[in-house]
$ cat data_12.cif   # mmCIF, C-alpha atoms and all ligand atoms
data_run
loop_
_atom_site.label_atom_id
_atom_site.label_comp_id
_atom_site.auth_asym_id
_atom_site.auth_seq_id
_atom_site.Cartn_x
_atom_site.Cartn_y
_atom_site.Cartn_z
CA MET A 17 0.00 0.00 0.00
CA ASN A 18 1.25 3.54 -0.61
CA ASP A 19 0.36 6.88 0.90
CA SER A 20 -2.13 7.92 -1.74
CA ALA A 21 -4.03 4.62 -1.50
CA ALA A 22 -4.29 5.04 2.27
CA CYS A 23 -6.06 8.36 1.78
CA LEU A 24 -8.69 6.87 -0.49
CA SER A 25 -9.76 3.57 0.99
CA SER A 26 -8.30 0.90 3.22
CA PRO A 27 -8.84 -2.85 3.46
CA PHE A 28 -8.37 -2.38 7.21
CA ASP A 29 -11.42 -0.12 7.53
CA LEU A 30 -14.16 -2.23 9.13
CA SER A 31 -16.83 -0.05 7.52
CA ASP A 32 -15.47 -0.61 3.99
CA GLN A 33 -16.31 -4.23 3.25
CA PRO A 34 -15.91 -4.05 -0.58
CA THR A 35 -12.32 -2.83 -0.32
CA TYR A 36 -11.57 -5.49 2.28
CA LEU A 37 -13.07 -8.28 0.19
CA ALA A 38 -11.15 -7.30 -2.95
CA TRP A 39 -7.87 -7.13 -1.00
CA ARG A 40 -8.65 -10.39 0.81
CA GLU A 41 -9.26 -12.25 -2.43
CA ARG A 42 -5.96 -11.10 -3.88
CA LYS A 43 -4.00 -11.83 -0.68
CA LEU A 44 -5.33 -15.37 -0.44
CA ALA A 45 -4.77 -16.07 -4.13
CA GLU A 46 -1.16 -14.84 -3.99
CA ALA A 47 -0.20 -16.34 -0.63
CA PRO A 48 2.67 -18.84 -0.85
CA ARG A 49 1.73 -22.39 0.11
CA GLN A 50 5.32 -23.57 0.48
CA THR A 51 8.53 -21.92 1.54
CA THR A 52 10.24 -22.70 -1.76
CA ASP A 53 7.94 -19.99 -3.19
CA LEU A 54 9.69 -17.51 -0.89
CA VAL A 55 13.28 -18.30 -1.85
CA VAL A 56 15.32 -16.02 -4.10
CA GLU A 57 18.86 -16.99 -5.05
CA VAL A 58 21.30 -14.09 -4.81
CA GLU A 59 24.94 -14.00 -5.78
CA ASP A 60 26.10 -11.63 -3.02
CA MET A 61 23.65 -10.42 -0.38
CA ALA A 62 25.71 -7.28 0.21
CA HIS A 63 25.41 -6.25 -3.45
CA LEU A 64 21.98 -7.23 -4.76
CA THR A 65 21.46 -6.97 -8.49
CA GLY A 66 18.38 -5.17 -9.78
CA ALA A 67 16.73 -8.47 -10.68
CA GLU A 68 17.47 -10.01 -7.26
CA HIS A 69 16.11 -6.93 -5.50
CA ALA A 70 12.95 -7.00 -7.62
CA ALA A 71 12.44 -10.72 -6.96
CA LEU A 72 12.69 -10.18 -3.20
CA LEU A 73 10.27 -7.22 -3.28
CA GLN A 74 7.79 -9.17 -5.37
CA ARG A 75 7.58 -11.79 -2.61
CA VAL A 76 7.45 -9.30 0.25
CA ARG A 77 4.58 -7.50 -1.48
CA ARG A 78 2.65 -10.77 -1.65
CA CYS A 79 3.15 -12.00 1.89
CA ASN A 80 5.38 -9.55 3.82
CA MET A 81 8.38 -11.89 3.71
CA ALA A 82 11.03 -13.46 1.49
CA ILE A 83 14.03 -15.73 1.95
CA TYR A 84 17.31 -15.02 0.18
CA GLN A 85 19.81 -17.75 -0.53
CA GLU A 86 23.35 -16.68 -1.19
CA ARG A 87 25.10 -18.83 -3.78
CA ARG A 88 28.45 -18.35 -2.11
CA ALA A 89 29.74 -15.93 0.49
CA ALA A 90 33.23 -14.57 -0.03
CA ALA A 91 35.71 -16.24 2.35
CA GLY A 92 36.26 -14.24 5.51
CA ARG A 93 33.42 -11.88 4.71
CA ASP A 94 32.02 -9.79 7.60
CA GLY A 95 28.55 -11.32 7.95
CA LYS A 96 27.13 -8.50 10.04
CA ALA A 97 28.25 -5.86 7.56
CA ALA A 98 26.60 -7.93 4.83
CA VAL A 99 23.34 -8.01 6.82
CA GLN A 100 23.49 -4.24 7.17
CA ALA A 101 24.18 -3.76 3.46
CA LEU A 102 21.27 -6.01 2.54
CA GLY A 103 18.99 -4.12 4.92
CA ARG A 104 20.05 -0.79 3.46
CA ALA A 105 19.28 -2.00 -0.06
CA LEU A 106 15.77 -2.83 1.15
CA GLY A 107 15.24 0.51 2.89
CA LEU A 108 15.94 -0.91 6.35
CA GLU A 109 18.21 1.68 7.95
CA ARG A 110 17.14 2.52 11.48
CA LEU A 111 18.23 -0.35 13.74
CA ASP A 112 16.28 -0.94 16.95
CA ALA A 113 18.46 -0.53 20.04
CA ASN A 114 18.73 -3.60 22.25
CA VAL A 115 21.06 -3.77 25.22
CA LEU A 116 22.24 -7.25 24.25
CA ALA A 117 22.93 -6.37 20.65
CA ASP A 118 26.51 -5.69 19.69
CA GLU A 119 27.66 -2.11 19.23
CA ASP A 120 26.61 -2.15 15.61
CA GLY A 121 23.01 -2.94 16.66
CA ILE A 122 22.99 -6.46 15.22
CA THR A 123 22.42 -9.35 17.61
CA PRO A 124 24.38 -12.58 17.18
CA LEU A 125 22.07 -15.40 18.29
CA ALA A 126 24.01 -18.35 19.63
CA VAL A 127 23.63 -20.60 22.65
CA HIS A 128 25.08 -19.07 25.82
CA ARG A 129 25.40 -21.54 28.67
CA GLU A 130 26.51 -18.90 31.17
CA GLY A 131 26.59 -15.14 31.60
CA ASN A 132 23.94 -12.47 31.17
CA ARG A 133 22.58 -13.71 27.86
CA ALA A 134 22.04 -17.27 29.16
CA ARG A 135 19.01 -15.95 31.11
CA TYR A 136 17.09 -15.15 27.94
CA ILE A 137 15.34 -17.66 25.72
CA PRO A 138 16.87 -16.53 22.39
CA TYR A 139 20.27 -17.65 23.71
CA THR A 140 19.08 -21.12 24.74
CA GLU A 141 17.98 -24.21 22.78
CA ARG A 142 14.40 -23.75 23.96
CA PRO A 143 11.47 -23.05 21.64
CA ILE A 144 10.19 -19.47 21.25
CA ALA A 145 6.41 -19.24 20.94
CA TRP A 146 4.56 -17.22 18.29
CA HIS A 147 5.44 -13.53 18.38
CA THR A 148 6.33 -10.48 16.38
CA ASP A 149 9.70 -8.89 17.15
CA GLY A 150 9.77 -5.91 19.50
CA TYR A 151 6.17 -6.45 20.63
CA TYR A 152 7.07 -4.66 23.88
CA ASN A 153 7.81 -1.42 22.05
CA THR A 154 4.91 1.06 21.99
CA THR A 155 6.78 4.31 21.53
CA PRO A 156 5.47 5.90 18.32
CA GLY A 157 8.03 5.68 15.57
CA ARG A 158 10.03 3.03 17.41
CA ALA A 159 7.91 0.00 16.57
CA VAL A 160 9.88 -2.81 14.93
CA ARG A 161 8.59 -2.96 11.37
CA GLY A 162 11.31 -4.73 9.42
CA ILE A 163 13.53 -7.68 10.33
CA VAL A 164 16.46 -9.58 8.85
CA LEU A 165 17.41 -12.99 10.24
CA HIS A 166 20.56 -14.35 8.62
CA CYS A 167 21.82 -17.89 9.13
CA VAL A 168 25.58 -18.35 9.32
CA SER A 169 25.31 -21.92 10.60
CA PRO A 170 22.22 -23.88 11.62
CA ALA A 171 21.75 -26.07 14.70
CA ALA A 172 22.79 -29.72 14.62
CA ALA A 173 19.05 -30.54 14.66
CA GLY A 174 15.88 -28.48 14.81
CA GLY A 175 15.61 -24.70 15.10
CA ALA A 176 13.14 -24.13 12.24
CA ASN A 177 10.89 -21.08 12.17
CA ARG A 178 7.15 -21.27 11.71
CA LEU A 179 5.99 -18.22 9.78
CA MET A 180 2.65 -16.52 9.22
CA ASP A 181 1.95 -13.26 7.42
CA HIS A 182 0.20 -11.10 10.05
CA GLU A 183 -2.18 -9.90 7.33
CA ILE A 184 -3.36 -13.50 6.86
CA LEU A 185 -4.06 -13.75 10.58
CA TYR A 186 -6.00 -10.47 10.27
CA ILE A 187 -8.11 -12.08 7.51
CA ARG A 188 -8.75 -15.23 9.55
CA LEU A 189 -9.87 -13.15 12.55
CA ARG A 190 -12.04 -10.72 10.55
CA ASP A 191 -13.72 -13.58 8.70
CA GLU A 192 -14.49 -15.25 12.02
CA ASN A 193 -15.74 -12.12 13.77
CA PRO A 194 -15.05 -8.51 12.74
CA ALA A 195 -15.49 -7.50 16.39
CA HIS A 196 -12.16 -9.28 17.09
CA ILE A 197 -10.42 -6.70 14.90
CA ALA A 198 -12.01 -3.67 16.56
CA THR A 199 -11.11 -5.12 19.94
CA LEU A 200 -7.50 -5.88 19.02
CA MET A 201 -6.99 -2.30 17.79
CA ARG A 202 -7.90 -0.89 21.22
CA SER A 203 -5.01 0.99 22.80
CA ASP A 204 -5.42 -1.02 26.02
CA ALA A 205 -5.81 -4.47 24.42
CA MET A 206 -2.62 -5.80 25.94
CA THR A 207 0.00 -4.65 28.40
CA ILE A 208 3.59 -5.82 28.33
CA PRO A 209 4.95 -5.94 31.88
CA GLY A 210 8.24 -4.14 32.54
CA ASN A 211 11.55 -5.83 31.79
CA ALA A 212 10.08 -8.89 30.12
CA GLU A 213 12.77 -9.58 27.58
CA GLU A 214 16.48 -9.43 27.00
CA GLY A 215 17.47 -7.03 29.74
CA LEU A 216 15.47 -4.07 28.47
CA GLU A 217 14.76 -1.55 31.22
CA ARG A 218 11.31 -0.14 30.79
CA ALA A 219 7.92 0.39 32.41
CA ALA A 220 4.82 -1.68 31.66
CA THR A 221 3.53 -0.67 28.24
CA PRO A 222 -0.13 -0.95 27.20
CA GLY A 223 -0.95 -0.87 23.50
CA PRO A 224 -2.94 -2.36 20.64
CA VAL A 225 -2.30 -5.71 18.94
CA PHE A 226 -3.09 -4.44 15.43
CA PHE A 227 -2.37 -0.87 14.42
CA LEU A 228 -1.91 1.14 11.26
CA ASP A 229 1.12 3.26 10.49
CA PRO A 230 0.65 6.76 9.01
CA ALA A 231 0.80 5.30 5.48
CA GLY A 232 -2.02 2.86 6.32
CA ASN A 233 0.05 -0.32 6.58
CA LEU A 234 -0.99 -2.94 9.11
CA SER A 235 1.43 -3.79 11.92
CA MET A 236 1.05 -6.27 14.75
CA ARG A 237 2.40 -6.61 18.29
CA TYR A 238 1.98 -10.06 19.74
CA THR A 239 3.48 -12.71 21.94
CA ALA A 240 1.96 -16.04 22.87
CA ARG A 241 4.18 -16.24 25.96
CA ALA A 242 1.64 -15.84 28.78
CA ARG A 243 4.19 -14.44 31.24
CA ASN A 244 5.17 -11.69 28.81
CA VAL A 245 1.73 -10.17 28.33
CA GLU A 246 -1.27 -9.10 30.38
CA TRP A 247 -4.45 -9.13 28.33
CA SER A 248 -7.21 -6.66 29.12
CA GLU A 249 -9.94 -8.07 31.37
CA ASP A 250 -12.50 -7.12 28.73
CA PRO A 251 -14.37 -10.28 27.59
CA GLY A 252 -14.09 -9.22 23.95
CA VAL A 253 -10.32 -8.91 24.24
CA ARG A 254 -10.11 -12.28 25.99
CA ALA A 255 -12.16 -13.88 23.19
CA ALA A 256 -10.01 -12.30 20.49
CA ALA A 257 -6.79 -13.41 22.23
CA ALA A 258 -8.16 -16.96 22.46
CA ALA A 259 -9.02 -16.86 18.75
CA ILE A 260 -5.43 -15.81 17.93
CA ARG A 261 -4.01 -18.67 19.98
CA ARG A 262 -6.33 -21.20 18.30
CA LEU A 263 -5.63 -19.92 14.79
CA LEU A 264 -1.85 -19.93 15.31
CA ASN A 265 -2.01 -23.51 16.55
CA GLY A 266 -3.36 -24.38 13.12
CA PRO A 267 -3.63 -26.35 11.05
CA ASP A 268 -3.57 -23.65 8.37
CA GLU A 269 -2.16 -24.11 4.89
CA LEU A 270 -0.77 -20.57 5.08
CA ILE A 271 1.38 -21.26 8.14
CA LEU A 272 4.78 -22.09 6.69
CA GLU A 273 7.75 -23.74 8.34
CA HIS A 274 11.33 -23.31 7.24
CA ARG A 275 14.74 -24.20 8.60
CA LEU A 276 17.25 -21.58 7.46
CA GLN A 277 20.31 -23.06 5.78
CA PRO A 278 23.81 -21.52 5.79
CA GLY A 279 23.73 -18.36 3.68
CA GLN A 280 19.97 -18.08 3.84
CA GLY A 281 18.06 -15.33 5.57
CA LEU A 282 14.56 -14.11 6.18
CA VAL A 283 13.64 -10.53 5.30
CA ALA A 284 10.20 -9.49 6.47
CA ASN A 285 7.82 -6.78 7.51
CA ASN A 286 7.89 -8.24 11.03
CA VAL A 287 5.59 -11.19 10.36
CA LEU A 288 4.51 -13.65 13.06
CA HIS A 289 7.09 -16.34 13.74
CA THR A 290 8.23 -19.02 16.17
CA ARG A 291 11.50 -20.74 16.75
CA GLU A 292 11.25 -24.48 17.21
CA PRO A 293 13.51 -26.17 19.80
CA PHE A 294 16.92 -27.30 18.66
CA THR A 295 20.01 -29.23 19.66
CA ASP A 296 23.26 -27.33 19.45
CA ASP A 297 26.61 -28.89 18.69
CA PRO A 298 29.24 -26.88 20.60
CA ALA A 299 31.84 -28.01 18.05
CA SER A 300 29.76 -26.41 15.29
CA PRO A 301 27.47 -23.95 17.06
CA ARG A 302 24.31 -22.47 15.63
CA LEU A 303 24.82 -18.80 14.72
CA LEU A 304 22.23 -16.42 13.34
CA TYR A 305 22.41 -12.64 13.02
CA ARG A 306 19.25 -10.79 13.92
CA ALA A 307 18.61 -7.18 12.90
CA ARG A 308 15.44 -5.29 13.83
CA PHE A 309 14.54 -2.04 12.14
CA HIS A 310 12.07 0.79 12.66
CA ASP A 311 11.58 0.86 8.90
CA ARG A 312 9.32 -1.21 6.72
CA ILE A 313 10.80 -2.79 3.58
CA ALA A 314 10.73 0.03 1.03
CA GLY A 315 8.26 -0.31 -1.82
CA THR A 316 6.05 -2.89 -0.10
FE FE A 401 11.63 -13.14 16.76
#
$ encode --input "data_12.cif" --output "structure tokens"
Amino acid sequence: MNDSAACLSSPFDLSDQPTYLAWRERKLAEAPRQTTDLVVEVEDMAHLTGAEHAALLQRVRRCNMAIYQERRAAAGRDGKAAVQALGRALGLERLDANVLADEDGITPLAVHREGNRARYIPYTERPIAWHTDGYYNTTPGRAVRGIVLHCVSPAAAGGANRLMDHEILYIRLRDENPAHIATLMRSDAMTIPGNAEEGLERAATPGPVFFLDPAGNLSMRYTARARNVEWSEDPGVRAAAAAIRRLLNGPDELILEHRLQPGQGLVANNVLHTREPFTDDPASPRLLYRARFHDRIAGT
């Protein structure tokens, strides 16, 4: 969606059913049914060609995500710099600050068996339930809107991501009961208690689950981890939250699952995702680079 379209009509306007239905039909028709539909081979992620860039954007426009597969990374290449270059090419420039990220703002995700990071799930072998990144962030303009997750080396076993376009979840909920949508857009729908994740120092933050940015794009804040969220006592909110949990448990042909291979990475407009449990081999540890941005992928 672009700015001019947002001024005219919006599929996210509950009073505009024709616009919603036309958008819904196209979204469902274009939605990938298998992760191979998401994969774009690129020669060098730090220097995308015009055709590679267009192929990635085409997928992100369809379903808010794409997976690149590098044919070969140059020996000794700085992986984090390559992630940053790829992000920049996609309009992802403003990195989200995170106290456990390295100085460059990119977080290396590997198993930590001791130290500060070992206290947080991303640095363990444990599964991470359905969520969007940065769901705890409600400061306007600081929402996480774009993410890059680059795989340097996968786990010995497991560690796949389940993936669902948040706009597909919106469709499932609105089809079931449009009142769910109105409820989930309330500014007090859910409250994230203080200090729930990765050493961030902050106060409890209430906010909506679904919200629109100034250009009219749909964003979502969500976590299925019960201890990381306090849902409003309102019965409508409780019903909508239960519907989300049920829908994300599936089955749904539009929930995809993919295990990132070396040189592969996910680029996305912060879609819903999980991380499945895994077994790490300390002799060949799992390493992913995670970058979270306040920007949405440009042109999508
Ligand atoms: Fe995540």
$ closest_residue --input "data_12.cif" --among "A:Leu108, A:Ile163, A:Ala126, A:Leu276" --to "ligand FE 401 (chain A)" --atoms "all atoms listed in the file"
A:Ile163
$ closest_residue --input "data_12.cif" --among "A:Ala47, A:Phe309, A:Glu86, A:Thr123" --to "Val160 in chain A" --atoms "only C-alpha atoms"
A:Phe309
$ closest_residue --input "data_12.cif" --among "A:Lys96, A:His147, A:Arg241, A:Arg142" --to "ligand FE 401 (chain A)" --atoms "only C-alpha atoms and all ligand atoms"
A:His147
$ residues_around --input "data_12.cif" --residues "Gly174 in chain A" --least-positions-apart "5" --cutoff "12 Å" --atoms "only C-alpha atoms" --output "VMD selection string"
chain A and resid 141 to 143 273 to 277 291 to 297 302
$ closest_atom_pairs --input "data_12.cif" --of "range 118-202 of chain A" --to "range 225-232 of chain A" --cutoff "9 Å" --atoms "only C-alpha atoms" --output "tab-separated table"
residue	atom	partner	partner_atom	distance
A:Tyr151	CA	A:Val225	CA	8.7
A:Gly157	CA	A:Asp229	CA	8.9
A:Tyr186	CA	A:Phe226	CA	8.5
A:Ile197	CA	A:Phe226	CA	7.7
A:Thr199	CA	A:Val225	CA	8.9
A:Leu200	CA	A:Val225	CA	5.2
A:Met201	CA	A:Phe226	CA	5.0
A:Arg202	CA	A:Val225	CA	7.7
$ closest_atom_pairs --input "data_12.cif" --of "chain A" --to "ligand FE 401 (chain A)" --cutoff "10 Å" --atoms "all atoms listed in the file" --output "Markdown table"
| residue | atom | partner | partner_atom | distance |
| --- | --- | --- | --- | --- |
| A:Pro138 | CA | A:FE401 | FE | 8.4 |
| A:Ile144 | CA | A:FE401 | FE | 7.9 |
| A:Ala145 | CA | A:FE401 | FE | 9.1 |
| A:Trp146 | CA | A:FE401 | FE | 8.3 |
| A:His147 | CA | A:FE401 | FE | 6.4 |
| A:Thr148 | CA | A:FE401 | FE | 5.9 |
| A:Asp149 | CA | A:FE401 | FE | 4.7 |
| A:Gly150 | CA | A:FE401 | FE | 8.0 |
| A:Tyr151 | CA | A:FE401 | FE | 9.5 |
| A:Ile163 | CA | A:FE401 | FE | 8.6 |
| A:Val164 | CA | A:FE401 | FE | 9.9 |
| A:Leu165 | CA | A:FE401 | FE | 8.7 |
| A:Asn177 | CA | A:FE401 | FE | 9.2 |
| A:Thr239 | CA | A:FE401 | FE | 9.7 |
| A:Asn286 | CA | A:FE401 | FE | 8.4 |
| A:Val287 | CA | A:FE401 | FE | 9.0 |
| A:Leu288 | CA | A:FE401 | FE | 8.0 |
| A:His289 | CA | A:FE401 | FE | 6.3 |
| A:Thr290 | CA | A:FE401 | FE | 6.8 |
| A:Arg291 | CA | A:FE401 | FE | 7.6 |
| A:Arg306 | CA | A:FE401 | FE | 8.5 |
| A:Ala307 | CA | A:FE401 | FE | 10.0 |
| A:Arg308 | CA | A:FE401 | FE | 9.2 |
$ closest_residue --input "data_12.cif" --among "A:Val76, A:Ala62, A:Ala134, A:Ala173" --to "Ala105 in chain A" --atoms "all atoms listed in the file"
A:Ala62
$ residues_around --input "data_12.cif" --residues "Gln280 in chain A" --least-positions-apart "3" --cutoff "12 Å" --atoms "only C-alpha atoms" --output "MDAnalysis selection string"
chainID A and resid 54:61 82:89 95 99 164:170 274:277 283 303:305
$ atom_distance --input "data_12.cif" --atom1 "CA of His182 in chain A" --atom2 "CA of Ala259 in chain A"
13.9 Å
$ residues_around --input "data_12.cif" --residues "Ile271 in chain A" --least-positions-apart "6" --cutoff "8 Å" --atoms "all atoms listed in the file" --output "MDAnalysis selection string"
chainID A and resid 178:180 264
$ atom_distance --input "data_12.cif" --atom1 "CA of Arg161 in chain A" --atom2 "CA of Ile313 in chain A"
8.1 Å
$ closest_residue --input "data_12.cif" --among "A:Ser300, A:Leu189, A:Gly103, A:Gly210" --to "Leu64 in chain A" --atoms "only C-alpha atoms"
A:Gly103
$ closest_residue --input "data_12.cif" --among "A:Leu72, A:Ala195, A:Gly252, A:Gln100" --to "Ser31 in chain A" --atoms "all atoms listed in the file"
A:Ala195
